[in-house]
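Peer 1: What follows is upload.tsv, made up of TSV, C-alpha atoms:
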```tsv
chain	number	residue	atom	x	y	z
A	1	MET	CA	-34.19	0.44	-7.47
A	2	THR	CA	-31.17	0.51	-5.14
A	3	LEU	CA	-29.92	3.99	-4.31
A	4	PRO	CA	-26.12	4.44	-4.23
A	5	LEU	CA	-24.66	4.34	-0.75
A	6	ARG	CA	-23.51	7.66	0.63
A	7	VAL	CA	-19.92	7.14	1.80
A	8	ALA	CA	-17.75	9.43	3.95
A	9	PHE	CA	-14.13	8.37	3.49
A	10	PHE	CA	-11.37	9.43	5.91
A	11	THR	CA	-7.86	8.62	4.67
A	12	ASP	CA	-4.51	9.23	6.36
A	13	SER	CA	-2.78	9.35	2.94
A	14	PHE	CA	-3.92	11.03	-0.25
A	15	ASP	CA	-1.25	13.19	-1.88
A	16	GLU	CA	1.66	11.18	-0.46
A	17	THR	CA	3.55	8.45	-2.32
A	18	ASN	CA	2.32	5.12	-0.99
A	19	GLY	CA	-0.25	2.43	-1.66
A	20	VAL	CA	-2.95	3.89	0.59
A	21	ALA	CA	-2.67	7.26	-1.13
A	22	THR	CA	-2.91	5.66	-4.57
A	23	LEU	CA	-5.98	3.67	-3.55
A	24	SER	CA	-7.58	6.77	-2.01
A	25	ARG	CA	-7.05	8.89	-5.12
A	26	GLU	CA	-8.39	6.14	-7.35
A	27	PHE	CA	-11.43	5.74	-5.08
A	28	ALA	CA	-12.26	9.45	-5.26
A	29	ALA	CA	-11.79	9.44	-9.05
A	30	PHE	CA	-14.07	6.39	-9.39
A	31	THR	CA	-16.89	8.01	-7.43
A	32	GLN	CA	-16.52	11.20	-9.44
A	33	ARG	CA	-16.71	9.37	-12.79
A	34	LEU	CA	-19.82	7.48	-11.72
A	35	GLN	CA	-21.30	10.49	-9.89
A	36	LEU	CA	-21.68	8.60	-6.61
A	37	PRO	CA	-22.34	10.64	-3.43
A	38	PHE	CA	-18.98	10.73	-1.67
A	39	VAL	CA	-17.15	12.79	0.94
A	40	CYS	CA	-13.35	12.46	1.03
A	41	VAL	CA	-11.50	13.80	4.09
A	42	HIS	CA	-7.72	14.08	3.93
A	43	SER	CA	-4.85	16.43	4.74
A	44	GLY	CA	-4.10	19.53	2.70
A	45	THR	CA	-2.09	22.72	2.64
A	46	GLU	CA	-5.08	24.58	4.08
A	47	THR	CA	-8.39	23.72	5.67
A	48	ARG	CA	-11.11	24.03	3.06
A	49	THR	CA	-13.98	22.30	1.32
A	50	SER	CA	-14.53	21.85	-2.40
A	51	GLN	CA	-17.11	20.22	-4.64
A	52	GLN	CA	-16.72	18.39	-7.95
A	53	GLY	CA	-19.97	16.90	-9.10
A	54	SER	CA	-21.13	14.39	-6.51
A	55	VAL	CA	-17.82	14.43	-4.63
A	56	THR	CA	-17.17	16.70	-1.67
A	57	THR	CA	-13.57	17.07	-0.50
A	58	LEU	CA	-12.64	18.24	2.98
A	59	GLU	CA	-8.96	19.13	3.30
A	60	LEU	CA	-7.55	19.61	6.79
A	61	LYS	CA	-4.30	21.41	7.47
A	62	ARG	CA	-2.14	19.64	10.01
A	63	GLY	CA	-0.71	21.91	12.70
A	64	LEU	CA	2.62	22.52	14.38
A	65	ALA	CA	2.13	19.47	16.61
A	66	ALA	CA	2.26	17.16	13.58
A	67	PHE	CA	5.19	14.75	13.60
A	68	PRO	CA	6.60	12.58	10.79
A	69	VAL	CA	5.83	8.86	10.67
A	70	ASP	CA	7.59	8.55	7.31
A	71	HIS	CA	9.52	10.86	5.02
A	72	ASP	CA	6.34	12.39	3.51
A	73	LEU	CA	3.64	11.27	5.96
A	74	TYR	CA	2.65	13.08	9.15
A	75	CYS	CA	0.31	12.60	12.08
A	76	ASP	CA	-1.28	15.50	13.96
A	77	PRO	CA	-2.28	14.49	17.52
A	78	LEU	CA	-4.35	17.70	17.79
A	79	LEU	CA	-6.41	17.16	14.64
A	80	SER	CA	-9.51	16.89	16.85
A	81	ARG	CA	-9.65	20.70	16.74
A	82	HIS	CA	-11.42	20.22	13.38
A	83	LYS	CA	-13.98	17.81	14.84
A	84	THR	CA	-16.93	20.21	15.15
A	85	TRP	CA	-16.51	21.63	11.64
A	86	VAL	CA	-15.96	18.24	10.00
A	87	THR	CA	-18.88	16.67	11.87
A	88	ALA	CA	-21.18	19.46	10.67
A	89	GLN	CA	-20.02	18.99	7.07
A	90	VAL	CA	-20.49	15.22	7.18
A	91	ARG	CA	-23.87	15.54	8.95
A	92	SER	CA	-25.18	17.73	6.12
A	93	PHE	CA	-24.00	15.10	3.64
A	94	GLY	CA	-25.97	12.38	5.44
A	95	PRO	CA	-23.66	9.34	5.09
A	96	ASP	CA	-24.83	5.74	5.23
A	97	LEU	CA	-21.38	4.78	6.55
A	98	VAL	CA	-17.99	6.21	7.46
A	99	HIS	CA	-14.93	4.41	6.05
A	100	ILE	CA	-11.49	4.97	7.62
A	101	THR	CA	-8.14	3.63	6.38
A	102	GLY	CA	-6.39	3.12	9.71
A	103	PRO	CA	-5.52	4.39	13.18
A	104	GLY	CA	-3.80	7.62	12.06
A	105	ASP	CA	-5.02	11.13	12.79
A	106	MET	CA	-7.65	11.13	10.01
A	107	GLY	CA	-8.83	7.67	11.01
A	108	ILE	CA	-9.28	8.69	14.63
A	109	LEU	CA	-11.18	11.80	13.51
A	110	GLY	CA	-13.37	9.61	11.31
A	111	PHE	CA	-14.12	7.37	14.28
A	112	TRP	CA	-15.26	10.35	16.36
A	113	VAL	CA	-17.43	11.68	13.54
A	114	ALA	CA	-19.09	8.29	13.00
A	115	HIS	CA	-19.66	7.93	16.75
A	116	SER	CA	-21.11	11.44	17.04
A	117	LEU	CA	-23.50	10.92	14.14
A	118	GLY	CA	-24.46	7.34	15.02
A	119	VAL	CA	-23.28	6.15	11.60
A	120	PRO	CA	-21.75	2.66	11.01
A	121	LEU	CA	-17.95	2.75	11.00
A	122	VAL	CA	-16.02	0.63	8.49
A	123	ALA	CA	-12.23	0.27	8.89
A	124	SER	CA	-9.86	-1.06	6.25
A	125	TRP	CA	-6.48	-2.54	7.15
A	126	HIS	CA	-3.68	-1.50	4.78
A	127	THR	CA	-0.45	-1.56	6.78
A	128	ASN	CA	1.04	-4.08	9.19
A	129	LEU	CA	1.96	-1.38	11.67
A	130	HIS	CA	2.98	-3.94	14.29
A	131	GLU	CA	5.61	-5.42	11.97
A	132	TYR	CA	6.80	-1.96	10.98
A	133	ALA	CA	7.24	-1.06	14.65
A	134	ALA	CA	9.28	-4.20	15.28
A	135	ARG	CA	11.59	-3.68	12.27
A	136	ARG	CA	12.26	-0.04	13.08
A	137	LEU	CA	12.85	-0.73	16.76
A	138	ASP	CA	15.21	-3.57	15.89
A	139	LYS	CA	17.27	-1.16	13.80
A	140	LEU	CA	17.18	1.54	16.49
A	141	LEU	CA	18.46	-0.92	19.13
A	142	HIS	CA	21.27	-2.27	16.98
A	143	PHE	CA	23.75	-1.71	19.83
A	144	LEU	CA	22.04	-4.32	22.04
A	145	PRO	CA	22.98	-8.01	22.07
A	146	ASP	CA	20.99	-9.96	19.49
A	147	PRO	CA	18.89	-12.02	21.97
A	148	LEU	CA	17.85	-8.92	23.93
A	149	ARG	CA	17.13	-6.90	20.80
A	150	THR	CA	15.00	-9.71	19.41
A	151	ARG	CA	13.10	-10.05	22.68
A	152	VAL	CA	12.36	-6.31	22.82
A	153	SER	CA	11.30	-6.01	19.18
A	154	THR	CA	9.12	-9.14	19.43
A	155	SER	CA	7.41	-7.72	22.49
A	156	ALA	CA	6.87	-4.40	20.69
A	157	GLU	CA	5.34	-6.21	17.71
A	158	ARG	CA	2.98	-8.15	19.97
A	159	GLN	CA	1.88	-5.05	21.90
A	160	SER	CA	1.48	-3.00	18.71
A	161	LEU	CA	-0.71	-5.68	17.17
A	162	ARG	CA	-2.85	-5.77	20.31
A	163	ALA	CA	-3.30	-1.98	20.14
A	164	CYS	CA	-4.20	-2.07	16.45
A	165	ILE	CA	-6.70	-4.88	16.98
A	166	SER	CA	-8.32	-2.90	19.81
A	167	PHE	CA	-8.73	0.10	17.51
A	168	TYR	CA	-10.14	-1.93	14.62
A	169	GLY	CA	-12.55	-3.58	17.02
A	170	LEU	CA	-14.30	-0.19	17.30
A	171	ALA	CA	-15.61	-0.57	13.73
A	172	ARG	CA	-18.82	-2.41	12.85
A	173	PHE	CA	-17.13	-4.40	10.10
A	174	LEU	CA	-13.65	-4.57	8.58
A	175	LEU	CA	-11.84	-4.80	5.27
A	176	ALA	CA	-8.37	-6.18	4.49
A	177	PRO	CA	-6.32	-6.72	1.30
A	178	ASN	CA	-5.49	-10.41	1.81
A	179	GLU	CA	-7.28	-13.46	3.15
A	180	THR	CA	-4.78	-14.05	5.95
A	181	MET	CA	-5.49	-10.63	7.44
A	182	VAL	CA	-9.24	-11.01	6.88
A	183	HIS	CA	-9.22	-14.17	9.01
A	184	LEU	CA	-6.95	-12.66	11.67
A	185	LEU	CA	-9.16	-9.58	12.06
A	186	GLU	CA	-12.33	-11.61	12.20
A	187	GLU	CA	-10.87	-13.94	14.80
A	188	ARG	CA	-9.28	-11.25	17.00
A	189	THR	CA	-11.98	-8.55	16.83
A	190	ARG	CA	-15.08	-10.76	16.56
A	191	ARG	CA	-16.28	-8.41	13.83
A	192	PRO	CA	-17.27	-9.37	10.27
A	193	ALA	CA	-14.30	-8.93	7.93
A	194	PHE	CA	-14.17	-8.95	4.14
A	195	LEU	CA	-11.60	-8.87	1.37
A	196	MET	CA	-10.87	-5.47	-0.22
A	197	ALA	CA	-8.90	-6.02	-3.41
A	198	HIS	CA	-6.39	-3.65	-5.04
A	199	GLY	CA	-6.12	-2.64	-8.67
A	200	VAL	CA	-3.83	-0.97	-11.17
A	201	ASP	CA	-4.19	1.48	-14.04
A	202	THR	CA	-3.05	-0.59	-17.01
A	203	GLU	CA	-3.10	2.40	-19.36
A	204	VAL	CA	-0.61	4.31	-17.22
A	205	PHE	CA	1.53	1.25	-16.41
A	206	SER	CA	2.23	-0.54	-19.68
A	207	PRO	CA	5.05	-2.23	-21.62
A	208	ASN	CA	4.48	0.46	-24.26
A	209	ARG	CA	6.19	2.90	-21.88
A	210	ARG	CA	9.55	1.19	-22.42
A	211	SER	CA	11.65	3.93	-23.95
A	212	VAL	CA	15.21	2.65	-23.97
A	213	ARG	CA	17.12	-0.57	-24.26
A	214	PRO	CA	19.44	-0.46	-21.23
A	215	ASP	CA	23.11	-1.23	-21.76
A	216	SER	CA	22.94	-3.61	-18.81
A	217	PHE	CA	20.32	-5.78	-17.13
A	218	CYS	CA	18.12	-3.48	-15.04
A	219	ILE	CA	17.07	-4.74	-11.59
A	220	GLY	CA	14.36	-2.45	-10.25
A	221	TYR	CA	12.80	-1.52	-6.93
A	222	VAL	CA	10.11	1.07	-6.20
A	223	GLY	CA	8.99	1.96	-2.69
A	224	ARG	CA	10.09	3.42	0.61
A	225	PHE	CA	13.68	2.88	1.69
A	226	THR	CA	12.87	1.84	5.25
A	227	PRO	CA	13.79	-1.09	7.53
A	228	GLU	CA	10.39	-2.78	7.27
A	229	LYS	CA	10.81	-2.95	3.48
A	230	ASN	CA	13.97	-5.03	4.01
A	231	VAL	CA	15.82	-2.89	1.45
A	232	ARG	CA	19.30	-3.67	2.82
A	233	PHE	CA	18.73	-7.16	1.46
A	234	LEU	CA	19.28	-5.70	-2.02
A	235	VAL	CA	22.93	-5.03	-1.14
A	236	ASP	CA	23.27	-8.71	-0.22
A	237	LEU	CA	21.68	-9.57	-3.57
A	238	ASP	CA	24.15	-7.29	-5.34
A	239	LYS	CA	27.11	-9.06	-3.70
A	240	SER	CA	25.61	-12.49	-4.35
A	241	LEU	CA	25.16	-11.76	-8.06
A	242	LEU	CA	28.79	-10.62	-8.30
A	243	GLU	CA	29.92	-13.79	-6.53
A	244	ALA	CA	27.88	-15.78	-9.07
A	245	GLY	CA	29.96	-14.22	-11.85
A	246	GLN	CA	27.39	-11.66	-13.02
A	247	ARG	CA	28.70	-8.21	-13.90
A	248	ASP	CA	26.42	-6.74	-16.55
A	249	PHE	CA	23.62	-5.35	-14.35
A	250	ASP	CA	22.64	-2.32	-12.36
A	251	PHE	CA	19.96	-1.34	-9.85
A	252	LEU	CA	17.27	1.29	-10.44
A	253	MET	CA	16.05	2.36	-6.98
A	254	VAL	CA	12.99	4.63	-7.08
A	255	GLY	CA	11.90	6.17	-3.80
A	256	GLU	CA	13.05	7.88	-0.63
A	257	GLY	CA	13.45	6.95	3.00
A	258	SER	CA	15.69	6.64	6.02
A	259	GLU	CA	17.84	3.91	4.45
A	260	LYS	CA	18.67	5.87	1.28
A	261	GLU	CA	22.06	7.21	2.43
A	262	TRP	CA	23.21	3.71	3.43
A	263	LEU	CA	21.98	2.24	0.14
A	264	VAL	CA	23.67	4.90	-1.97
A	265	LYS	CA	26.94	4.11	-0.17
A	266	HIS	CA	26.74	0.32	-0.41
A	267	LEU	CA	24.72	-0.50	-3.54
A	268	GLN	CA	26.98	-0.25	-6.56
A	269	PRO	CA	26.15	0.26	-9.32
A	270	GLY	CA	22.86	1.90	-8.41
A	271	ARG	CA	20.74	4.72	-9.78
A	272	PHE	CA	18.64	6.74	-7.32
A	273	PRO	CA	16.29	9.16	-9.13
A	274	GLY	CA	14.23	9.84	-5.99
A	275	THR	CA	10.44	9.68	-5.86
A	276	LEU	CA	8.85	9.64	-9.33
A	277	HIS	CA	5.28	10.22	-10.45
A	278	GLY	CA	3.18	9.93	-13.59
A	279	ASP	CA	4.93	9.24	-16.87
A	280	ALA	CA	8.40	9.23	-15.28
A	281	LEU	CA	7.37	6.48	-12.85
A	282	ALA	CA	5.61	4.45	-15.54
A	283	GLU	CA	8.66	4.66	-17.82
A	284	SER	CA	10.96	3.57	-15.00
A	285	PHE	CA	8.85	0.47	-14.38
A	286	ALA	CA	8.70	-0.40	-18.09
A	287	ASN	CA	12.48	0.00	-18.49
A	288	MET	CA	13.21	-2.59	-15.79
A	289	ASP	CA	14.09	-6.15	-16.74
A	290	VAL	CA	13.04	-7.58	-13.37
A	291	PHE	CA	11.38	-6.10	-10.31
A	292	VAL	CA	12.67	-7.30	-6.94
A	293	PHE	CA	10.62	-6.94	-3.75
A	294	PRO	CA	12.19	-8.39	-0.60
A	295	SER	CA	9.60	-6.99	1.85
A	296	ARG	CA	7.86	-9.53	4.06
A	297	THR	CA	5.63	-7.03	5.87
A	298	ASP	CA	3.48	-5.57	3.07
A	299	THR	CA	-0.18	-6.49	3.25
A	300	PHE	CA	-0.40	-6.39	-0.53
A	301	GLY	CA	2.37	-4.59	-2.41
A	302	LEU	CA	0.66	-2.36	-4.96
A	303	VAL	CA	3.97	-1.72	-6.73
A	304	LEU	CA	4.01	-5.39	-7.70
A	305	LEU	CA	0.83	-4.91	-9.75
A	306	GLU	CA	2.34	-1.79	-11.31
A	307	ALA	CA	5.48	-3.70	-12.28
A	308	MET	CA	3.48	-6.60	-13.72
A	309	ALA	CA	1.20	-4.21	-15.62
A	310	SER	CA	4.41	-2.83	-17.15
A	311	GLY	CA	5.28	-6.29	-18.46
A	312	VAL	CA	8.03	-6.89	-15.91
A	313	PRO	CA	8.46	-10.26	-14.14
A	314	VAL	CA	8.81	-9.99	-10.36
A	315	VAL	CA	10.94	-11.77	-7.78
A	316	VAL	CA	9.33	-11.52	-4.35
A	317	SER	CA	9.28	-12.95	-0.87
A	318	PRO	CA	6.78	-15.81	-0.51
A	319	GLU	CA	4.61	-13.65	1.78
A	320	ALA	CA	4.32	-10.83	-0.76
A	321	GLY	CA	3.89	-13.27	-3.63
A	322	MET	CA	0.95	-15.06	-2.07
A	323	ARG	CA	-0.77	-11.84	-0.97
A	324	THR	CA	-0.51	-10.27	-4.42
A	325	GLY	CA	-1.22	-13.38	-6.46
A	326	VAL	CA	2.20	-13.79	-8.07
A	327	ARG	CA	2.28	-17.24	-9.71
A	328	HIS	CA	5.65	-18.86	-9.16
A	329	GLY	CA	7.30	-19.68	-12.46
A	330	VAL	CA	4.53	-17.95	-14.45
A	331	THR	CA	4.41	-14.22	-13.63
A	332	GLY	CA	7.55	-14.24	-11.50
A	333	PHE	CA	9.30	-16.12	-8.73
A	334	HIS	CA	8.74	-16.60	-5.00
A	335	ALA	CA	12.16	-16.48	-3.33
A	336	GLY	CA	12.51	-17.45	0.31
A	337	ASP	CA	16.18	-16.62	0.83
A	338	LEU	CA	19.19	-14.96	-0.74
A	339	ASN	CA	20.13	-17.99	-2.83
A	340	SER	CA	16.60	-18.18	-4.26
A	341	PHE	CA	16.55	-14.47	-5.09
A	342	THR	CA	19.97	-14.74	-6.74
A	343	GLN	CA	19.10	-17.80	-8.80
A	344	SER	CA	15.78	-16.32	-9.92
A	345	VAL	CA	17.42	-13.11	-11.13
A	346	VAL	CA	20.24	-15.02	-12.83
A	347	ASP	CA	17.70	-17.24	-14.64
A	348	LEU	CA	15.99	-14.13	-16.02
A	349	MET	CA	19.33	-12.58	-16.95
A	350	LYS	CA	20.37	-15.63	-18.95
A	351	ASN	CA	17.09	-16.40	-20.71
A	352	GLU	CA	15.46	-13.49	-22.52
A	353	ALA	CA	12.71	-15.74	-23.93
A	354	VAL	CA	11.63	-16.77	-20.43
A	355	ARG	CA	11.78	-13.15	-19.29
A	356	ARG	CA	9.54	-12.04	-22.14
A	357	GLU	CA	7.09	-14.90	-21.57
A	358	MET	CA	6.86	-14.11	-17.85
A	359	GLY	CA	6.48	-10.42	-18.57
A	360	SER	CA	3.60	-11.13	-20.93
A	361	ALA	CA	1.89	-13.37	-18.35
A	362	ALA	CA	2.43	-10.72	-15.69
A	363	ARG	CA	0.81	-8.09	-17.90
A	364	GLU	CA	-2.17	-10.36	-18.59
A	365	PHE	CA	-2.66	-10.96	-14.85
A	366	ALA	CA	-2.47	-7.23	-14.05
A	367	CYS	CA	-5.03	-6.40	-16.74
A	368	SER	CA	-7.59	-8.44	-14.77
A	369	LYS	CA	-7.14	-6.13	-11.75
A	370	THR	CA	-8.85	-2.90	-12.78
A	371	TRP	CA	-9.68	-0.21	-10.24
A	372	ARG	CA	-13.25	-0.02	-11.50
A	373	ALA	CA	-13.81	-3.69	-10.69
A	374	VAL	CA	-12.19	-3.18	-7.27
A	375	PHE	CA	-14.53	-0.36	-6.26
A	376	GLU	CA	-17.63	-1.91	-7.77
A	377	GLN	CA	-16.89	-4.93	-5.59
A	378	LEU	CA	-16.27	-2.65	-2.61
A	379	TYR	CA	-19.76	-1.17	-2.86
A	380	GLN	CA	-21.20	-4.67	-2.96
A	381	THR	CA	-19.14	-5.50	0.13
A	382	TYR	CA	-20.50	-2.40	1.88
A	383	GLU	CA	-24.03	-3.69	1.28
A	384	VAL	CA	-23.19	-7.19	2.49
A	385	GLY	CA	-21.45	-5.77	5.56
A	386	LEU	CA	-24.38	-3.52	6.47
A	387	GLU	CA	-26.81	-6.42	6.13
A	388	LYS	CA	-24.46	-8.61	8.18
A	389	ILE	CA	-24.67	-6.18	11.11
A	390	GLY	CA	-28.45	-5.94	10.78
A	391	LEU	CA	-28.80	-2.61	8.98
A	392	THR	CA	-31.03	-2.05	5.99
A	393	VAL	CA	-29.38	-1.01	2.76
A	394	PRO	CA	-31.00	2.18	1.37
A	395	ARG	CA	-33.45	1.50	-1.45
```
Kindly return the structure encoded in the file as structure tokens.
Peer 2:
Amino acid sequence: MTLPLRVAFFTDSFDETNGVATLSREFAAFTQRLQLPFVCVHSGTETRTSQQGSVTTLELKRGLAAFPVDHDLYCDPLLSRHKTWVTAQVRSFGPDLVHITGPGDMGILGFWVAHSLGVPLVASWHTNLHEYAARRLDKLLHFLPDPLRTRVSTSAERQSLRACISFYGLARFLLAPNETMVHLLEERTRRPAFLMAHGVDTEVFSPNRRSVRPDSFCIGYVGRFTPEKNVRFLVDLDKSLLEAGQRDFDFLMVGEGSEKEWLVKHLQPGRFPGTLHGDALAESFANMDVFVFPSRTDTFGLVLLEAMASGVPVVVSPEAGMRTGVRHGVTGFHAGDLNSFTQSVVDLMKNEAVRREMGSAAREFACSKTWRAVFEQLYQTYEVGLEKIGLTVPR
């Protein structure tokens, strides 16, 4: 009989509003339901430990040195002050592996704990930090001539990727949410790399949440309002739709971020309810007629699954579409430029039957992506990874 692996999980996001946080919460809930031995280390309002069944939670309070990397996400460069206490807690748990979600403060702490205990380190890639760095730097240097700005941001992207690859190379094996990144990590780090899928709660996100029939066609977006999400493109889409003779539509923009003030000023008509959670978020998704996602940097785009689970067709960049499994012309549209985005949205505006058919297909696709299946597969991947590096899986 195979004993369940004992996993210590260090995540940089847990209570925040982003894909990594959602995955982390779902992972902890999965292990609790199945009573799997699990330690979850994440930030909290105070440093403490708690126990719920088989799951131990270590919350670490970030200190005054913590700085923001996003509107609700921080990094504490002095988090190592917790190292001795956390290492003792994890040692008593006796993990078979330590899993970190990236090179943030919690990830670095997880690396040190794994190294100290001589436990295999597994690192999952969730964010294209190198592309984020390039997009934000490009915006910051807007005053420079275009060729120089492009050269600087391209160099920053290249150097950031090199730094990230060096960090991930410290792990024994790697996980990534799409095949392209799996191959890149394997090639650049010379470490085994495996696919780590994403899921969606199809009971929370459902067409049944649709509560109103909007007076106008609702174009929706959910996510951070930041340069790397390419959100200013939505203003171009707004103008393009008006130029195409469309008037009966509005934008529902759910989220927060550094670009919000600019969007509020330039995106008309637009509704900005801020960051939503739970039923309010699920109802917002279900009340959209189309979900638009112009980001080209997301490694997966969890909000796309949430939109599709809500019965909403999606219009996405080709990169996001391929990574998430959006079938062009079936569950949504891949749109490579402004004209393609505009035409795709107009087609859905003008043909309610097509919109309903796509929404139904999108819902069917999302229902095949349950979190339980994701994490059951993850534990199988853990076993394959451990065997790949020559370690015996506990029996």
Peer 1: Could you state the separation of CA of Phe111 in chain A and CA of Thr11 in chain A in Å, given to one decimal place?
Peer 2: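 Separating CA of Phe111 in chain A from CA of Thr11 in chain A is a distance of 11.5 Å.
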Peer 1: Choose the residue, out of A:Cys164, A:Asp201, A:Gln268, A:Pro120, that has the smallest atom-to-atom separation from Arg25 in chain A; count only C-alpha atoms.
Peer 2: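 Result for the nearest residue to Arg25 in chain A: A:Asp201.
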Peer 1: Quick one, how far is CA of Gln32 in chain A from CA of Val374 in chain A?
Peer 2: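 Those two atoms sit 15.2 Å apart.
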Peer 1: Kindly give the distance, in Å, that separates CA of Ser24 in chain A and CA of Glu187 in chain A, rounded to a single decimal.
Peer 2: 26.9 Å
Peer 1: Dump as a tab-separated table the rows for residues of range 147-221 of chain A within 10 Å of range 294-308 of chain A: closest atom pair and distance in Å with one decimal, only C-alpha atoms counted, ordered by chain and rising residue number.
Peer 2:
```
residue	atom	partner	partner_atom	distance
A:Ala176	CA	A:Thr299	CA	8.3
A:Pro177	CA	A:Phe300	CA	6.2
A:Asn178	CA	A:Thr299	CA	6.8
A:Glu179	CA	A:Thr299	CA	9.9
A:Thr180	CA	A:Thr299	CA	9.3
A:Met181	CA	A:Thr299	CA	7.9
A:Ala197	CA	A:Phe300	CA	9.0
A:His198	CA	A:Leu302	CA	7.2
A:Gly199	CA	A:Leu305	CA	7.4
A:Val200	CA	A:Glu306	CA	6.2
A:Asp201	CA	A:Glu306	CA	7.8
A:Thr202	CA	A:Glu306	CA	7.9
A:Val204	CA	A:Glu306	CA	9.0
A:Phe205	CA	A:Glu306	CA	6.0
A:Ser206	CA	A:Glu306	CA	8.5
A:Pro207	CA	A:Met308	CA	9.2
A:Gly220	CA	A:Ala307	CA	9.2
A:Tyr221	CA	A:Val303	CA	8.8
```
Peer 1: Taking all atoms listed in the file into account, which of A:Val55, A:Leu97, A:Met349, A:Ala88 comes nearest Leu5 in chain A?
Peer 2: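 Among A:Val55, A:Leu97, A:Met349, A:Ala88, it is A:Leu97 that comes nearest to Leu5 in chain A.
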Peer 1: Can you work out which one of A:Ser92, A:Ile100, A:His126, A:Thr57 has the shortest atom-to-atom distance to Val20 in chain A, counting only C-alpha atoms?
Peer 2: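 For Val20 in chain A, the nearest of the given residues is A:His126.
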Peer 1: Identify, on the basis of only C-alpha atoms, every residue whose closest approach to Leu121 in chain A does not exceed 10 Å; exclude the query and any residue fewer than 6 positions from it along the same chain; express the result as a list in words.
Peer 2: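 Counting only C-alpha atoms, the residues come to Ala8, Asp96, Leu97, Val98, His99, Ile100, Gly110, Phe111, Trp112, Val113, Ala114, His115, Tyr168, Leu170, Ala171, Arg172, Phe173 and Leu174 of chain A.
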Peer 1: For Phe225 in chain A, please output as a VMD selection string all residues within 6 Å (counting all atoms listed in the file; exclusion window: fewer than 5 positions along the same chain).
Peer 2: chain A and resid 256 to 257 259 to 260
Peer 1: Need the shell around Gln380 in chain A: protein/DNA/RNA residues with any atom at most 12 Å away, counting only C-alpha atoms. Skip same-chain ones fewer than 6 positions apart. Format as an MDAnalysis selection string?
Peer 2: chainID A and resid 2 4:5 194:196 373:374 386:387 393
Peer 1: Nearest to Ser124 in chain A: which of A:Val90, A:Leu175, A:Val330, A:Ile108 is it, counting only C-alpha atoms?
Peer 2: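 Checking each candidate against Ser124 in chain A, we get A:Leu175 as the closest.
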Peer 1: Fewer than 6 positions away in the same chain doesn't count, so skip those; otherwise give me all residues within 9 Å of Ala362 in chain A, counting only C-alpha atoms, as a CSV table (one decimal) with C-alpha atoms, in the coordinates of the input.
Peer 2:
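To be explicit, this is the file written out as selection06.csv:
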```csv
chain,number,residue,atom,x,y,z
A,305,LEU,CA,0.8,-4.9,-9.8
A,307,ALA,CA,5.5,-3.7,-12.3
A,308,MET,CA,3.5,-6.6,-13.7
A,309,ALA,CA,1.2,-4.2,-15.6
A,310,SER,CA,4.4,-2.8,-17.2
A,311,GLY,CA,5.3,-6.3,-18.5
A,312,VAL,CA,8.0,-6.9,-15.9
A,313,PRO,CA,8.5,-10.3,-14.1
A,314,VAL,CA,8.8,-10.0,-10.4
A,326,VAL,CA,2.2,-13.8,-8.1
A,327,ARG,CA,2.3,-17.2,-9.7
A,330,VAL,CA,4.5,-18.0,-14.4
A,331,THR,CA,4.4,-14.2,-13.6
A,332,GLY,CA,7.6,-14.2,-11.5
```
Peer 1: For Asp12 in chain A, which residue among A:Arg48, A:Asp76, A:Ala28, A:His266 is the nearest when counting all atoms listed in the file?
Peer 2: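 Using all atoms listed in the file, the shortest distance to Asp12 in chain A belongs to A:Asp76.
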Peer 1: Go through range 311-380 of chain A residue by residue and, counting all atoms listed in the file, keep those with an atom at most 9 Å from range 238-243 of chain A; for each kept residue give the shortest atom pair and its distance in Å to one decimal, ordered by chain and increasing number, as JSON lines.
Peer 2:
```
{"residue": "A:Leu338", "atom": "CA", "partner": "A:Ser240", "partner_atom": "CA", "distance": 7.8}
{"residue": "A:Asn339", "atom": "CA", "partner": "A:Ser240", "partner_atom": "CA", "distance": 7.9}
{"residue": "A:Thr342", "atom": "CA", "partner": "A:Leu241", "partner_atom": "CA", "distance": 6.1}
{"residue": "A:Gln343", "atom": "CA", "partner": "A:Leu241", "partner_atom": "CA", "distance": 8.6}
{"residue": "A:Val345", "atom": "CA", "partner": "A:Leu241", "partner_atom": "CA", "distance": 8.4}
{"residue": "A:Val346", "atom": "CA", "partner": "A:Leu241", "partner_atom": "CA", "distance": 7.6}
```
Peer 1: Taking all atoms listed in the file into account, which of A:Ser284, A:Thr381, A:Ser344, A:Thr84 comes nearest Leu109 in chain A?
Peer 2: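 Comparing A:Ser284, A:Thr381, A:Ser344, A:Thr84 against Leu109 in chain A, the winner is A:Thr84.
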